[in-house]
Amino acid sequence: MNGKVTEWHVDTNPPIQLLAQEPKQVESQAYWILVWKRLSKNITAMGGLVILLLFIGGVVFASYIAPYPIDQMKFEDRLLAPSATHLLGTDDFGRDIFSRILHGGQISLMMGLISVTLATVVGITLGVIAGFYRKLDMFIMQVMDILMSFPALLLAIVIIAVLGAGLTNAMIAVAIAAIPSYVRVVRSAVLSIREKEYIEAVQALGIRDYKIISRHIIPNILSPIIVMTTLLFGESILSAAALSFLGLGAQPPAPEWGAMVFVGRTFLSQAWWMSLFPGLAIMLVVLAFNMLGDGLRDALDPKQN
Amino acid sequence: MSEWLLEVEDLKTYFSSQKSFFGHNSGSIKAVDGVSFQLKKGETLGIVGESGCGKSTTGRSILRLIKPTSGSIKFEGVEVTGLSQGELRKLRKRMQLVFQDPYASLNPRMSVYSILEEALSVRNQNTNRMERREQVLELLQLVGLNPNQADKYPHEFSGGQRQRIGIARALAVQPSLIIADEPVSALDVSIQAQILNLLKDLQESLDLTFIFISHDLSVIRHFSDRIAVMYLGGIVEISRKDQLFSKPYHPYSQALMSAVLKLDPTKKSERIILHGDVPNPSNPPRGCTFHPRCSHCMEICKTERPKAIEVEPGHFVSCYLYKQP
C-alpha cells in the first residue's frame with residue numbers, strides 16, 4: 001500500500017468547474033462591489049442614502065444654499081408662516097428657519113460624527129480586547145453591563161452633570177452612552193472569528209497578537225461594525241438633539257436642531273413651524289441612517305453569499 | 001540528542017468543564033489522558049480513533065496551541081511544555097499544522113499571496129519584496145499550484161487547491177514536523193489521493209516528519225509507517241502498520257480492523273460489532289477505559305488501568321489479555 005494512488009486528472013483544472021452554470025469570476029476586491037450591487041437593489045436603503053446625501057450636501061454647502069444669514073434678525077418678519085420668501089417660515093426674531101436648519105445641521109451632523117468616531121474607536125478597542133483576551137473579558141463586560149443598565153439618554157445626562165453642559169461634553173456623553181452596545185457587538189463578532197481555524201493557523205505560525213488582530217480579526221468583523229456605525233450615527237444625532245433640547249448640549253443662539261425645537265416649543269400655538277421643521281430634520285436624518293443601516297445589514301449578511 | 005525527533009511522555013490535557021465561583025475545578029473533560037509515544041525523524045505516525053477520542057487535542061497540545069495539563073513533550077531534545085511565549089514562537093517554525101477544513105483554515109479576506117507572504121515573514125524578516133515574491137511563487141509551485149493564481153482569494157479555489165495552499169503555508173517556515181489533522185477528510189475521494197500523494201512527495205523531498213491524524217483507516221494505512229490507535233484520550237495500541245493490520249492485539253483495534261473492507265469478498269471474516277457508546281470523557285470508566293464495551297472484560301480491567309506492554313518488538317498494547325513475553 002506504499003505505492004501511489006493513480007492520478008486520473010489534474011487538480012488545477014477539475015471537471016467540476018465545467019458543471020457549474022456560471023464560472024465564479026468574482027475577485028475579492030470585488031466583494032465591496034458585490035455588496036454595493038446588493039445594496040443598490042434595496043429601495044429602502046437607497047432612499048435612506050439619497051436623503052442622507054441631500055442633507056449632507058445641503059449642510060456642507062449651507063453658506064451657499066441658505067438664502068439668509070443665520071443671525072439676520074428682522075423684527076417685522078417675526079413668526080412668519082412658510083411662504084415663497086421664507087420657505088419654512090421665520091422664528092421669533094425674524095430669522096429664516098430654512099437657513100438655520102441648514103447651518104444647524106453642521107452642528108448636529110458634526111456632533112454625530114465626532115461622538116460616533118469616539119465610540120467606534122473605544123468600542124472596537126475594548127470589544128477586541130474582551131473577545132480576544134478572555135482574561136479581561138469578565139471585567140470589561142461587567143463595566144459595560146453597568147453602563148448598559150442605565151437608559152442611554154439618562155447616562156448621558158449624568159455624564160453631563162459631571163462634566164458640565166456644552167457641545168464638547170455633550171459629544172463625549174453621547175459617545176460614552178453608545179460604547180457598551182458597540183463593545184457587545186464587536187466582542188461577539190471577535191469571539192466567533194477567533195475560533196476559526198485560520199486564526200489557529202497563524203497562531204501556530206507564531207504571528208504576534210497585534211498582527212493577528214489587525215490583519216485577521218478586524219477585516220473579518222468589518223460587516224457588523226459598518227452596520228453598527230450607521231445605526232449608531234442616527235442614534236447619536238438623536239441623543240445629541242435631545243440633550244440640546246434639554247439645554248445640556250448646544251446652547252440656544254446656536255442653530256442646533258434640538259435647541260431650535262426647544263425654543264419653538266413656547267411658540268407652538270402661534271408658530272408651529274418653528275419646532276416642526278427642525279424636528280422633521282432630526283427625524284428624517286435619523287430615519288435615513290436607520291434605513292441605510294438595515295439595508296447594509298442585509299447586503300453584508302454572509303448568509304446571502 | 002536522542003534518536004527521537006519527538007518524545008511525548010504521559011501527556012494529559014484536561015478541559016475544565018465548569019469553574020466554580022471560587023476558581024477550583026469542579027469537573028474536567030479528560031480529552032487526552034496519559035498519551036506517550038516517540039517519533040523518529042522522517043517517519044510518519046498515524047493516529048486513528050473515533051471522533052472525540054482526543055486525536056486532534058493531542059496534535060494541538062504538541063504544538064502548544066492548547067496548553068497541556070501535565071506530561072512532557074520533547075522536541076529535538078528540548079522540553080516544550082515549559083517554554084515562554086517568545087521561545088514558543090521560535091519553536092513553532094519547526095512544527096506546523098495542516099488543518100481539516102480547507103474552507104475554514106484560510107482567511108477569506110486575504111489573497112493567497114499575502115497569506116503565504118505572512119507565513120514567510122515569520123521565517124526571515126530581512127528579505128526584500130522581490131525575494132519574498134520569488135519565495136511565494138516557489139512555494140506555490142512546490143505544492144502544485146499555478147503561480148499565476150497568487151493574487152486570487154481563497155474562495156476562488158476548489159477544496160483541493162485550498163488544501164494545497166494550507167500545506168504551502170505550513171511549509172513556508174520550513175518545519176521538520178508537520179501535524180496533519182484530518183487533512184483529507186473534507187475532500188472528495190479523487191482529490192484525497194492527490195493531496196496524499198503531494199504530502200508523500202513533500203515528505204521525501206523535504207525530509208519531513210508527519211503526525212497524521214485521521215479516522216479513516218484506509219487513508220492512515222496508505223500514509224503511515226506506524227499507527228497509534230486511540231480510545232477515549234489514551235493510546236491503546238501502537239505498532240508498525242503491517243503488524244497492526246495483520247495482527248491487531250487490543251480488542252478495540254480488532255473491532256476497528258474488522259470494519260475495514262476486504263479486497264477479497266470470498267474471504268469471510270467476522271465483523272466485530274461494538275455495543276454501547278463511547279463513555280463521557282468527563283467521567284471515564286475506572287480501570288481500562290474500554291472495559292464497558294469489551295467482550296474480553298475481566299475483573300482486573302474494571303479496577304486498574306493497564307500499562308503498555310511490548311508484545312512484539314515495537315508493538316505496544318495496553319491490555320490485560322497479554323503478558324510481557
# chains A, B, ... in the order shown; residues from 1 in each chain; ligands from 1

call {"tool": "select_by_dssp", "arguments": {"residues": "region 71-206 of chain B", "states": "alpha helix (DSSP H)", "output": "JSON, numbers by chain"}}
result
{"B": [85, 86, 87, 88, 89, 90, 91, 112, 113, 114, 115, 116, 117, 118, 119, 120, 121, 122, 123, 129, 130, 131, 132, 133, 134, 135, 136, 137, 138, 139, 140, 141, 142, 159, 160, 161, 162, 163, 164, 165, 166, 167, 168, 169, 170, 171, 189, 190, 191, 192, 193, 194, 195, 196, 197, 198, 199, 200, 201, 202, 203, 204, 205, 206]}

call {"tool": "interface_residues", "arguments": {"of": "chain B", "to": "chain A", "cutoff": "8 Å", "atoms": "only C-alpha atoms", "output": "VMD selection string"}}
result
chain B and resid 63 65 88 to 90 92 to 93 96 to 97 99 101 104 to 107 109 119 122 145 to 146 152 to 153 156 160 to 161 170 173 191 193 to 194 197 221 to 223

call {"tool": "atom_distance", "arguments": {"atom1": "CA of Val78 (chain B)", "atom2": "CA of Lys55 (chain B)"}}
result
22.8 Å

call {"tool": "residues_around", "arguments": {"residues": "Ile237 (chain A)", "least_positions_apart": "5", "cutoff": "8 Å", "atoms": "only C-alpha atoms", "output": "VMD selection string"}}
result
chain A and resid 108 to 109 111 to 112 282 286
